Amino acid sequence: MNDPIRDLGGQDRISLLQTFLQVVEAGSFSAAAQQLGTTQPTVSRRLQMLEALLGARLVERSTRGLRLTEEGRRCLAQARSLIDGWNSLSEDMGENNQPLSGRLRVRVPHAFGQYQLMEVLARFMKDHPQLSVEWMLQDELPDFSREAVDCSVVVGQVERPELIMVPLAEVPRVLVAAPEVAARLPADLQHLAPQDLADALSQQPWLALSTFYRDEIRIRPQGGGEVLTVPLNFRFGTDSLFALVEAARLGLGVAAVSHWAVMDDLAAGRLVRVLPHWCAMPLPFSLVFPSRRHQPARLRAFTALMREVVPAIPGMRAVGAGERPR
């Protein structure tokens, strides 16, 4: 009688390893089953088959969740390398003739995911009709080791050596206020010496975007120059860019805002530039993914399109292109 475990072919063994990886990254059998589009008993059975094939227990269950055994940790490192190698070989052999398919899972900050990047996404999906995309709007960087995310769009600095960070553009930021607020600012503000300017600005009612600035804001002359740090005692603070812009429109104070988010308000006169010859320090805009050796063809294609298109989006700027917002 044949042994179904020992008779597994190479592709079936890869499938078992992929299931094991999904369980580890999802943190539970039920979550892995949902992400794989199957049932929890099926996932459990696949893991048992892999453990029987390897002759070692890989995962232990407890009331706190799943825990890898020592053999499981060793298997995890080897499994990732094997699957990356198989995927790379499979795609390299077939990608010249095969259209992109599968599902790309992208995490995007709320503001950019709802507006700025939708045209880029639509172009990508139209170019690759057999590909599906899961577009998750969250501002926090994902835990790639536990969440089913291929890449994440990030605004701001990321200091994580285990991640690859692909710079796409910069986000210029300007100082804005409602016309009635700007009218109350000192008439000679633009001509003050740096320290006097910092003192004068610190006395104004400020709106803080807690994700990027709260107790101080760093500004510098448009076109480059010495950076000036302005201490703040904010009147209104929020973690929402949209709430910040609305608070500025309603005359609650001065804000440092991504230029793209207020372009229409500036053109319509609902907001005006404060210190038009100064800008808040720009924010890096990057695509981030785990530093594994292999990236799926769909991720490589998405990265290439983002690098091409994002710098040309109105209100964005190519890295190192200068200080003036477009």
# chains A, B, ... in the order shown; residues from 1 in each chain; ligands from 1

call {"tool": "closest_atom_pairs", "arguments": {"of": "range 68-161 of chain A", "to": "range 25-31 of chain A", "cutoff": "10 Å", "atoms": "only C-alpha atoms", "output": "tab-separated table"}}
result
residue	atom	partner	partner_atom	distance
A:Asp143	CA	A:Glu25	CA	9.0
A:Phe144	CA	A:Glu25	CA	7.6
A:Ser145	CA	A:Glu25	CA	5.2
A:Arg146	CA	A:Glu25	CA	3.7
A:Glu147	CA	A:Ala26	CA	5.7
A:Ala148	CA	A:Ala26	CA	6.9
A:Val149	CA	A:Glu25	CA	9.9

call {"tool": "write_last_selection", "arguments": {"atoms": "N, CA, C and O atoms", "output": "mmCIF file, in the first residue's frame"}}
result
data_model
loop_
_atom_site.group_PDB
_atom_site.id
_atom_site.type_symbol
_atom_site.label_atom_id
_atom_site.label_comp_id
_atom_site.auth_asym_id
_atom_site.auth_seq_id
_atom_site.Cartn_x
_atom_site.Cartn_y
_atom_site.Cartn_z
ATOM 1 N N ASP A 143 3.131 44.583 10.165
ATOM 2 C CA ASP A 143 4.076 43.570 10.621
ATOM 3 C C ASP A 143 4.108 42.500 9.536
ATOM 4 O O ASP A 143 3.264 41.608 9.492
ATOM 5 N N PHE A 144 5.088 42.602 8.646
ATOM 6 C CA PHE A 144 5.125 41.719 7.488
ATOM 7 C C PHE A 144 5.275 40.260 7.879
ATOM 8 O O PHE A 144 4.918 39.374 7.108
ATOM 9 N N SER A 145 5.818 39.995 9.068
ATOM 10 C CA SER A 145 6.014 38.615 9.477
ATOM 11 C C SER A 145 4.714 37.944 9.889
ATOM 12 O O SER A 145 4.627 36.718 9.944
ATOM 13 N N ARG A 146 3.671 38.732 10.159
ATOM 14 C CA ARG A 146 2.413 38.165 10.649
ATOM 15 C C ARG A 146 1.210 38.524 9.783
ATOM 16 O O ARG A 146 0.152 37.919 9.924
ATOM 17 N N GLU A 147 1.348 39.523 8.922
ATOM 18 C CA GLU A 147 0.215 39.982 8.137
ATOM 19 C C GLU A 147 0.426 39.660 6.664
ATOM 20 O O GLU A 147 1.551 39.685 6.161
ATOM 21 N N ALA A 148 -0.663 39.392 5.984
ATOM 22 C CA ALA A 148 -0.618 39.066 4.559
ATOM 23 C C ALA A 148 -0.573 40.359 3.756
ATOM 24 O O ALA A 148 -1.574 40.819 3.197
ATOM 25 N N VAL A 149 0.604 40.989 3.719
ATOM 26 C CA VAL A 149 0.808 42.242 3.005
ATOM 27 C C VAL A 149 2.064 42.103 2.162
ATOM 28 O O VAL A 149 3.110 41.676 2.653
#

call {"tool": "residues_around", "arguments": {"residues": "Val166 in chain A", "least_positions_apart": "3", "cutoff": "9 Å", "atoms": "only C-alpha atoms", "output": "list in words"}}
result
Phe285, Ser286, Leu287, Val288, Phe289, Thr303 and Arg307 of chain A

call {"tool": "residues_around", "arguments": {"residues": "Val153 in chain A", "least_positions_apart": "2", "cutoff": "9 Å", "atoms": "only C-alpha atoms", "output": "list in words"}}
result
Val106, Arg107, Val108, Pro109, Phe112, Gly113, Asp139, Leu141, Cys151, Val155, Phe285, Ser286, Leu287 and Val288 of chain A

call {"tool": "select_by_dssp", "arguments": {"residues": "range 85-244 of chain A", "states": "strand (DSSP E or B)", "output": "PDB file with N, CA, C and O atoms, in the first residue's frame"}}
result
ATOM      1  N   GLY A 102      -2.802  36.489  -9.872  1.00  0.00           N
ATOM      2  CA  GLY A 102      -2.722  36.408  -8.422  1.00  0.00           C
ATOM      3  C   GLY A 102      -3.233  37.675  -7.768  1.00  0.00           C
ATOM      4  O   GLY A 102      -3.908  38.501  -8.401  1.00  0.00           O
ATOM      5  N   ARG A 103      -2.909  37.838  -6.501  1.00  0.00           N
ATOM      6  CA  ARG A 103      -3.416  38.983  -5.744  1.00  0.00           C
ATOM      7  C   ARG A 103      -2.261  39.749  -5.122  1.00  0.00           C
ATOM      8  O   ARG A 103      -1.386  39.178  -4.486  1.00  0.00           O
ATOM      9  N   LEU A 104      -2.252  41.062  -5.332  1.00  0.00           N
ATOM     10  CA  LEU A 104      -1.272  41.946  -4.716  1.00  0.00           C
ATOM     11  C   LEU A 104      -1.932  42.642  -3.536  1.00  0.00           C
ATOM     12  O   LEU A 104      -2.983  43.274  -3.684  1.00  0.00           O
ATOM     13  N   ARG A 105      -1.310  42.520  -2.363  1.00  0.00           N
ATOM     14  CA  ARG A 105      -1.864  43.115  -1.141  1.00  0.00           C
ATOM     15  C   ARG A 105      -1.011  44.320  -0.758  1.00  0.00           C
ATOM     16  O   ARG A 105       0.170  44.178  -0.451  1.00  0.00           O
ATOM     17  N   VAL A 106      -1.647  45.503  -0.783  1.00  0.00           N
ATOM     18  CA  VAL A 106      -0.927  46.759  -0.565  1.00  0.00           C
ATOM     19  C   VAL A 106      -1.572  47.520   0.588  1.00  0.00           C
ATOM     20  O   VAL A 106      -2.797  47.674   0.631  1.00  0.00           O
ATOM     21  N   ARG A 107      -0.746  47.984   1.521  1.00  0.00           N
ATOM     22  CA  ARG A 107      -1.242  48.864   2.589  1.00  0.00           C
ATOM     23  C   ARG A 107      -0.847  50.296   2.247  1.00  0.00           C
ATOM     24  O   ARG A 107       0.305  50.565   1.908  1.00  0.00           O
ATOM     25  N   VAL A 108      -1.833  51.209   2.352  1.00  0.00           N
ATOM     26  CA  VAL A 108      -1.645  52.586   1.914  1.00  0.00           C
ATOM     27  C   VAL A 108      -2.208  53.535   2.970  1.00  0.00           C
ATOM     28  O   VAL A 108      -3.268  53.261   3.550  1.00  0.00           O
ATOM     29  N   LEU A 131      -4.996  40.301 -12.753  1.00  0.00           N
ATOM     30  CA  LEU A 131      -4.461  40.541 -11.414  1.00  0.00           C
ATOM     31  C   LEU A 131      -5.538  41.173 -10.535  1.00  0.00           C
ATOM     32  O   LEU A 131      -6.313  42.006 -10.994  1.00  0.00           O
ATOM     33  N   SER A 132      -5.594  40.763  -9.276  1.00  0.00           N
ATOM     34  CA  SER A 132      -6.483  41.407  -8.316  1.00  0.00           C
ATOM     35  C   SER A 132      -5.640  42.106  -7.253  1.00  0.00           C
ATOM     36  O   SER A 132      -4.495  41.733  -7.001  1.00  0.00           O
ATOM     37  N   VAL A 133      -6.209  43.133  -6.642  1.00  0.00           N
ATOM     38  CA  VAL A 133      -5.484  43.941  -5.666  1.00  0.00           C
ATOM     39  C   VAL A 133      -6.333  44.110  -4.418  1.00  0.00           C
ATOM     40  O   VAL A 133      -7.530  44.401  -4.503  1.00  0.00           O
ATOM     41  N   GLU A 134      -5.706  43.894  -3.284  1.00  0.00           N
ATOM     42  CA  GLU A 134      -6.329  44.194  -1.995  1.00  0.00           C
ATOM     43  C   GLU A 134      -5.683  45.487  -1.491  1.00  0.00           C
ATOM     44  O   GLU A 134      -4.500  45.516  -1.156  1.00  0.00           O
ATOM     45  N   TRP A 135      -6.459  46.554  -1.433  1.00  0.00           N
ATOM     46  CA  TRP A 135      -5.987  47.923  -1.175  1.00  0.00           C
ATOM     47  C   TRP A 135      -6.422  48.298   0.237  1.00  0.00           C
ATOM     48  O   TRP A 135      -7.552  48.689   0.475  1.00  0.00           O
ATOM     49  N   MET A 136      -5.510  48.166   1.189  1.00  0.00           N
ATOM     50  CA  MET A 136      -5.849  48.324   2.606  1.00  0.00           C
ATOM     51  C   MET A 136      -5.423  49.694   3.112  1.00  0.00           C
ATOM     52  O   MET A 136      -4.242  50.039   3.077  1.00  0.00           O
ATOM     53  N   LEU A 137      -6.385  50.499   3.566  1.00  0.00           N
ATOM     54  CA  LEU A 137      -6.117  51.858   4.014  1.00  0.00           C
ATOM     55  C   LEU A 137      -5.817  51.856   5.510  1.00  0.00           C
ATOM     56  O   LEU A 137      -6.714  51.782   6.343  1.00  0.00           O
ATOM     57  N   CYS A 151       3.392  44.773   0.220  1.00  0.00           N
ATOM     58  CA  CYS A 151       4.159  46.008   0.296  1.00  0.00           C
ATOM     59  C   CYS A 151       3.315  47.071   0.978  1.00  0.00           C
ATOM     60  O   CYS A 151       2.103  46.928   1.128  1.00  0.00           O
ATOM     61  N   SER A 152       3.983  48.147   1.383  1.00  0.00           N
ATOM     62  CA  SER A 152       3.286  49.219   2.073  1.00  0.00           C
ATOM     63  C   SER A 152       3.817  50.556   1.570  1.00  0.00           C
ATOM     64  O   SER A 152       5.029  50.745   1.442  1.00  0.00           O
ATOM     65  N   VAL A 153       2.915  51.468   1.273  1.00  0.00           N
ATOM     66  CA  VAL A 153       3.291  52.846   0.963  1.00  0.00           C
ATOM     67  C   VAL A 153       3.480  53.577   2.288  1.00  0.00           C
ATOM     68  O   VAL A 153       2.606  53.525   3.160  1.00  0.00           O
ATOM     69  N   VAL A 154       4.616  54.248   2.438  1.00  0.00           N
ATOM     70  CA  VAL A 154       4.953  54.874   3.711  1.00  0.00           C
ATOM     71  C   VAL A 154       5.310  56.339   3.480  1.00  0.00           C
ATOM     72  O   VAL A 154       6.085  56.665   2.579  1.00  0.00           O
ATOM     73  N   VAL A 155       4.731  57.207   4.302  1.00  0.00           N
ATOM     74  CA  VAL A 155       5.103  58.619   4.326  1.00  0.00           C
ATOM     75  C   VAL A 155       5.923  58.849   5.586  1.00  0.00           C
ATOM     76  O   VAL A 155       5.469  58.536   6.688  1.00  0.00           O
ATOM     77  N   LEU A 163      13.748  45.638   6.273  1.00  0.00           N
ATOM     78  CA  LEU A 163      12.852  46.040   5.198  1.00  0.00           C
ATOM     79  C   LEU A 163      13.623  46.734   4.077  1.00  0.00           C
ATOM     80  O   LEU A 163      14.624  47.406   4.309  1.00  0.00           O
ATOM     81  N   ILE A 164      13.136  46.549   2.859  1.00  0.00           N
ATOM     82  CA  ILE A 164      13.652  47.285   1.699  1.00  0.00           C
ATOM     83  C   ILE A 164      12.791  48.522   1.519  1.00  0.00           C
ATOM     84  O   ILE A 164      11.563  48.447   1.493  1.00  0.00           O
ATOM     85  N   MET A 165      13.432  49.677   1.403  1.00  0.00           N
ATOM     86  CA  MET A 165      12.720  50.939   1.261  1.00  0.00           C
ATOM     87  C   MET A 165      13.072  51.542  -0.096  1.00  0.00           C
ATOM     88  O   MET A 165      14.224  51.866  -0.360  1.00  0.00           O
ATOM     89  N   VAL A 166      12.080  51.663  -0.979  1.00  0.00           N
ATOM     90  CA  VAL A 166      12.289  52.202  -2.319  1.00  0.00           C
ATOM     91  C   VAL A 166      11.775  53.641  -2.352  1.00  0.00           C
ATOM     92  O   VAL A 166      10.566  53.869  -2.319  1.00  0.00           O
ATOM     93  N   PRO A 167      12.666  54.640  -2.386  1.00  0.00           N
ATOM     94  CA  PRO A 167      12.200  56.037  -2.436  1.00  0.00           C
ATOM     95  C   PRO A 167      11.445  56.302  -3.733  1.00  0.00           C
ATOM     96  O   PRO A 167      11.913  55.955  -4.820  1.00  0.00           O
ATOM     97  N   LEU A 168      10.276  56.915  -3.621  1.00  0.00           N
ATOM     98  CA  LEU A 168       9.460  57.217  -4.791  1.00  0.00           C
ATOM     99  C   LEU A 168       9.418  58.713  -5.093  1.00  0.00           C
ATOM    100  O   LEU A 168       9.477  59.119  -6.243  1.00  0.00           O
ATOM    101  N   ALA A 169       9.298  59.529  -4.050  1.00  0.00           N
ATOM    102  CA  ALA A 169       9.136  60.969  -4.239  1.00  0.00           C
ATOM    103  C   ALA A 169       9.255  61.648  -2.884  1.00  0.00           C
ATOM    104  O   ALA A 169       9.535  60.999  -1.865  1.00  0.00           O
ATOM    105  N   GLU A 170       9.050  62.945  -2.876  1.00  0.00           N
ATOM    106  CA  GLU A 170       8.936  63.716  -1.647  1.00  0.00           C
ATOM    107  C   GLU A 170       7.578  64.389  -1.619  1.00  0.00           C
ATOM    108  O   GLU A 170       6.988  64.682  -2.671  1.00  0.00           O
ATOM    109  N   VAL A 171       7.083  64.619  -0.413  1.00  0.00           N
ATOM    110  CA  VAL A 171       5.807  65.302  -0.229  1.00  0.00           C
ATOM    111  C   VAL A 171       6.108  66.713   0.270  1.00  0.00           C
ATOM    112  O   VAL A 171       6.434  66.912   1.440  1.00  0.00           O
ATOM    113  N   PRO A 172       6.042  67.734  -0.599  1.00  0.00           N
ATOM    114  CA  PRO A 172       6.267  69.109  -0.138  1.00  0.00           C
ATOM    115  C   PRO A 172       5.173  69.525   0.844  1.00  0.00           C
ATOM    116  O   PRO A 172       4.008  69.161   0.690  1.00  0.00           O
ATOM    117  N   ARG A 173       5.563  70.317   1.840  1.00  0.00           N
ATOM    118  CA  ARG A 173       4.606  70.818   2.826  1.00  0.00           C
ATOM    119  C   ARG A 173       4.694  72.335   2.907  1.00  0.00           C
ATOM    120  O   ARG A 173       5.788  72.909   2.895  1.00  0.00           O
ATOM    121  N   VAL A 174       3.552  72.971   3.012  1.00  0.00           N
ATOM    122  CA  VAL A 174       3.477  74.429   3.088  1.00  0.00           C
ATOM    123  C   VAL A 174       2.758  74.837   4.364  1.00  0.00           C
ATOM    124  O   VAL A 174       2.015  74.056   4.960  1.00  0.00           O
ATOM    125  N   LEU A 175       2.992  76.079   4.782  1.00  0.00           N
ATOM    126  CA  LEU A 175       2.309  76.647   5.943  1.00  0.00           C
ATOM    127  C   LEU A 175       1.083  77.396   5.451  1.00  0.00           C
ATOM    128  O   LEU A 175       1.181  78.267   4.579  1.00  0.00           O
ATOM    129  N   VAL A 176      -0.088  77.070   5.998  1.00  0.00           N
ATOM    130  CA  VAL A 176      -1.334  77.674   5.528  1.00  0.00           C
ATOM    131  C   VAL A 176      -2.208  78.099   6.700  1.00  0.00           C
ATOM    132  O   VAL A 176      -2.036  77.631   7.828  1.00  0.00           O
ATOM    133  N   ALA A 177      -3.137  78.977   6.393  1.00  0.00           N
ATOM    134  CA  ALA A 177      -4.139  79.416   7.364  1.00  0.00           C
ATOM    135  C   ALA A 177      -5.305  80.010   6.596  1.00  0.00           C
ATOM    136  O   ALA A 177      -5.176  80.351   5.409  1.00  0.00           O
ATOM    137  N   TRP A 206      -1.533  77.134  16.618  1.00  0.00           N
ATOM    138  CA  TRP A 206      -1.088  76.105  15.688  1.00  0.00           C
ATOM    139  C   TRP A 206      -2.011  74.898  15.699  1.00  0.00           C
ATOM    140  O   TRP A 206      -2.614  74.564  16.712  1.00  0.00           O
ATOM    141  N   LEU A 207      -2.087  74.272  14.538  1.00  0.00           N
ATOM    142  CA  LEU A 207      -2.800  73.008  14.374  1.00  0.00           C
ATOM    143  C   LEU A 207      -1.742  71.944  14.126  1.00  0.00           C
ATOM    144  O   LEU A 207      -0.897  72.108  13.247  1.00  0.00           O
ATOM    145  N   ALA A 208      -1.756  70.883  14.903  1.00  0.00           N
ATOM    146  CA  ALA A 208      -0.708  69.866  14.825  1.00  0.00           C
ATOM    147  C   ALA A 208      -1.231  68.580  14.199  1.00  0.00           C
ATOM    148  O   ALA A 208      -2.345  68.134  14.502  1.00  0.00           O
ATOM    149  N   LEU A 209      -0.425  67.994  13.318  1.00  0.00           N
ATOM    150  CA  LEU A 209      -0.693  66.675  12.767  1.00  0.00           C
ATOM    151  C   LEU A 209       0.218  65.711  13.516  1.00  0.00           C
ATOM    152  O   LEU A 209       1.406  65.587  13.203  1.00  0.00           O
ATOM    153  N   GLU A 216       6.938  70.755  17.835  1.00  0.00           N
ATOM    154  CA  GLU A 216       7.768  71.671  17.066  1.00  0.00           C
ATOM    155  C   GLU A 216       7.580  71.386  15.590  1.00  0.00           C
ATOM    156  O   GLU A 216       7.121  70.305  15.196  1.00  0.00           O
ATOM    157  N   ILE A 217       7.934  72.368  14.772  1.00  0.00           N
ATOM    158  CA  ILE A 217       7.894  72.196  13.324  1.00  0.00           C
ATOM    159  C   ILE A 217       9.188  72.757  12.756  1.00  0.00           C
ATOM    160  O   ILE A 217       9.668  73.796  13.202  1.00  0.00           O
ATOM    161  N   ARG A 218       9.780  72.034  11.807  1.00  0.00           N
ATOM    162  CA  ARG A 218      11.039  72.460  11.187  1.00  0.00           C
ATOM    163  C   ARG A 218      10.735  73.034   9.809  1.00  0.00           C
ATOM    164  O   ARG A 218      10.089  72.384   8.981  1.00  0.00           O
ATOM    165  N   ILE A 219      11.193  74.263   9.575  1.00  0.00           N
ATOM    166  CA  ILE A 219      10.952  74.941   8.304  1.00  0.00           C
ATOM    167  C   ILE A 219      12.285  75.447   7.765  1.00  0.00           C
ATOM    168  O   ILE A 219      13.271  75.561   8.493  1.00  0.00           O
ATOM    169  N   ARG A 220      12.318  75.731   6.466  1.00  0.00           N
ATOM    170  CA  ARG A 220      13.504  76.342   5.888  1.00  0.00           C
ATOM    171  C   ARG A 220      13.099  77.169   4.669  1.00  0.00           C
ATOM    172  O   ARG A 220      12.016  76.956   4.095  1.00  0.00           O
ATOM    173  N   PRO A 221      13.950  78.102   4.259  1.00  0.00           N
ATOM    174  CA  PRO A 221      13.600  78.936   3.101  1.00  0.00           C
ATOM    175  C   PRO A 221      13.385  78.084   1.859  1.00  0.00           C
ATOM    176  O   PRO A 221      14.070  77.091   1.636  1.00  0.00           O
ATOM    177  N   LEU A 228      15.075  76.039  10.409  1.00  0.00           N
ATOM    178  CA  LEU A 228      14.634  76.744  11.611  1.00  0.00           C
ATOM    179  C   LEU A 228      13.632  75.875  12.352  1.00  0.00           C
ATOM    180  O   LEU A 228      12.657  75.397  11.760  1.00  0.00           O
ATOM    181  N   THR A 229      13.874  75.641  13.634  1.00  0.00           N
ATOM    182  CA  THR A 229      12.965  74.846  14.447  1.00  0.00           C
ATOM    183  C   THR A 229      12.070  75.777  15.252  1.00  0.00           C
ATOM    184  O   THR A 229      12.557  76.616  16.013  1.00  0.00           O
ATOM    185  N   VAL A 230      10.765  75.619  15.067  1.00  0.00           N
ATOM    186  CA  VAL A 230       9.785  76.476  15.739  1.00  0.00           C
ATOM    187  C   VAL A 230       9.074  75.660  16.813  1.00  0.00           C
ATOM    188  O   VAL A 230       8.382  74.679  16.498  1.00  0.00           O
ATOM    189  N   PRO A 231       9.223  76.012  18.100  1.00  0.00           N
ATOM    190  CA  PRO A 231       8.488  75.287  19.153  1.00  0.00           C
ATOM    191  C   PRO A 231       7.008  75.627  19.091  1.00  0.00           C
ATOM    192  O   PRO A 231       6.624  76.768  18.813  1.00  0.00           O
ATOM    193  N   PHE A 236      -4.942  72.787  18.467  1.00  0.00           N
ATOM    194  CA  PHE A 236      -5.729  71.640  18.002  1.00  0.00           C
ATOM    195  C   PHE A 236      -4.774  70.614  17.430  1.00  0.00           C
ATOM    196  O   PHE A 236      -3.906  70.937  16.605  1.00  0.00           O
ATOM    197  N   GLY A 237      -4.901  69.380  17.874  1.00  0.00           N
ATOM    198  CA  GLY A 237      -4.081  68.299  17.358  1.00  0.00           C
ATOM    199  C   GLY A 237      -4.925  67.152  16.865  1.00  0.00           C
ATOM    200  O   GLY A 237      -5.994  66.859  17.415  1.00  0.00           O
ATOM    201  N   THR A 238      -4.465  66.485  15.796  1.00  0.00           N
ATOM    202  CA  THR A 238      -5.206  65.375  15.218  1.00  0.00           C
ATOM    203  C   THR A 238      -4.232  64.453  14.508  1.00  0.00           C
ATOM    204  O   THR A 238      -3.109  64.848  14.174  1.00  0.00           O
TER     205      THR A 238
END

call {"tool": "select_by_dssp", "arguments": {"residues": "range 104-303 of chain A", "states": "helix (DSSP H, G or I)", "output": "MDAnalysis selection string"}}
result
chainID A and resid 110:116 118:127 179:182 189:191 194:202 241:249 259:268 297:303

call {"tool": "residues_around", "arguments": {"residues": "Gln204 in chain A", "least_positions_apart": "3", "cutoff": "8 Å", "atoms": "only C-alpha atoms", "output": "list in words"}}
result
Leu185, Ala200, Leu201, Gly253 and Val254 of chain A

call {"tool": "write_last_selection", "arguments": {"atoms": "all heavy atoms", "output": "CSV table (one decimal), in the first residue's frame"}}
result
chain,number,residue,atom,x,y,z
A,185,LEU,N,-1.5,87.9,11.5
A,185,LEU,CA,-0.1,87.7,11.7
A,185,LEU,C,0.7,89.0,11.6
A,185,LEU,O,0.2,90.0,10.9
A,185,LEU,CB,0.4,86.7,10.7
A,185,LEU,CG,-0.2,85.3,10.7
A,185,LEU,CD1,0.3,84.5,9.6
A,185,LEU,CD2,0.2,84.6,12.0
A,200,ALA,N,8.1,84.6,16.9
A,200,ALA,CA,6.8,85.1,16.5
A,200,ALA,C,5.9,84.0,16.0
A,200,ALA,O,4.7,84.0,16.4
A,200,ALA,CB,7.0,86.1,15.3
A,201,LEU,N,6.4,83.0,15.3
A,201,LEU,CA,5.6,81.9,14.9
A,201,LEU,C,5.1,81.1,16.1
A,201,LEU,O,4.0,80.6,16.1
A,201,LEU,CB,6.4,81.0,13.9
A,201,LEU,CG,6.5,81.6,12.5
A,201,LEU,CD1,7.4,80.6,11.7
A,201,LEU,CD2,5.2,81.7,11.8
A,253,GLY,N,-6.4,78.0,13.2
A,253,GLY,CA,-5.0,78.3,13.3
A,253,GLY,C,-4.2,78.1,12.1
A,253,GLY,O,-4.7,77.9,11.0
A,254,VAL,N,-2.9,78.0,12.3
A,254,VAL,CA,-1.9,77.8,11.3
A,254,VAL,C,-1.5,76.3,11.2
A,254,VAL,O,-1.4,75.7,12.3
A,254,VAL,CB,-0.6,78.7,11.5
A,254,VAL,CG1,0.4,78.4,10.4
A,254,VAL,CG2,-1.0,80.1,11.6
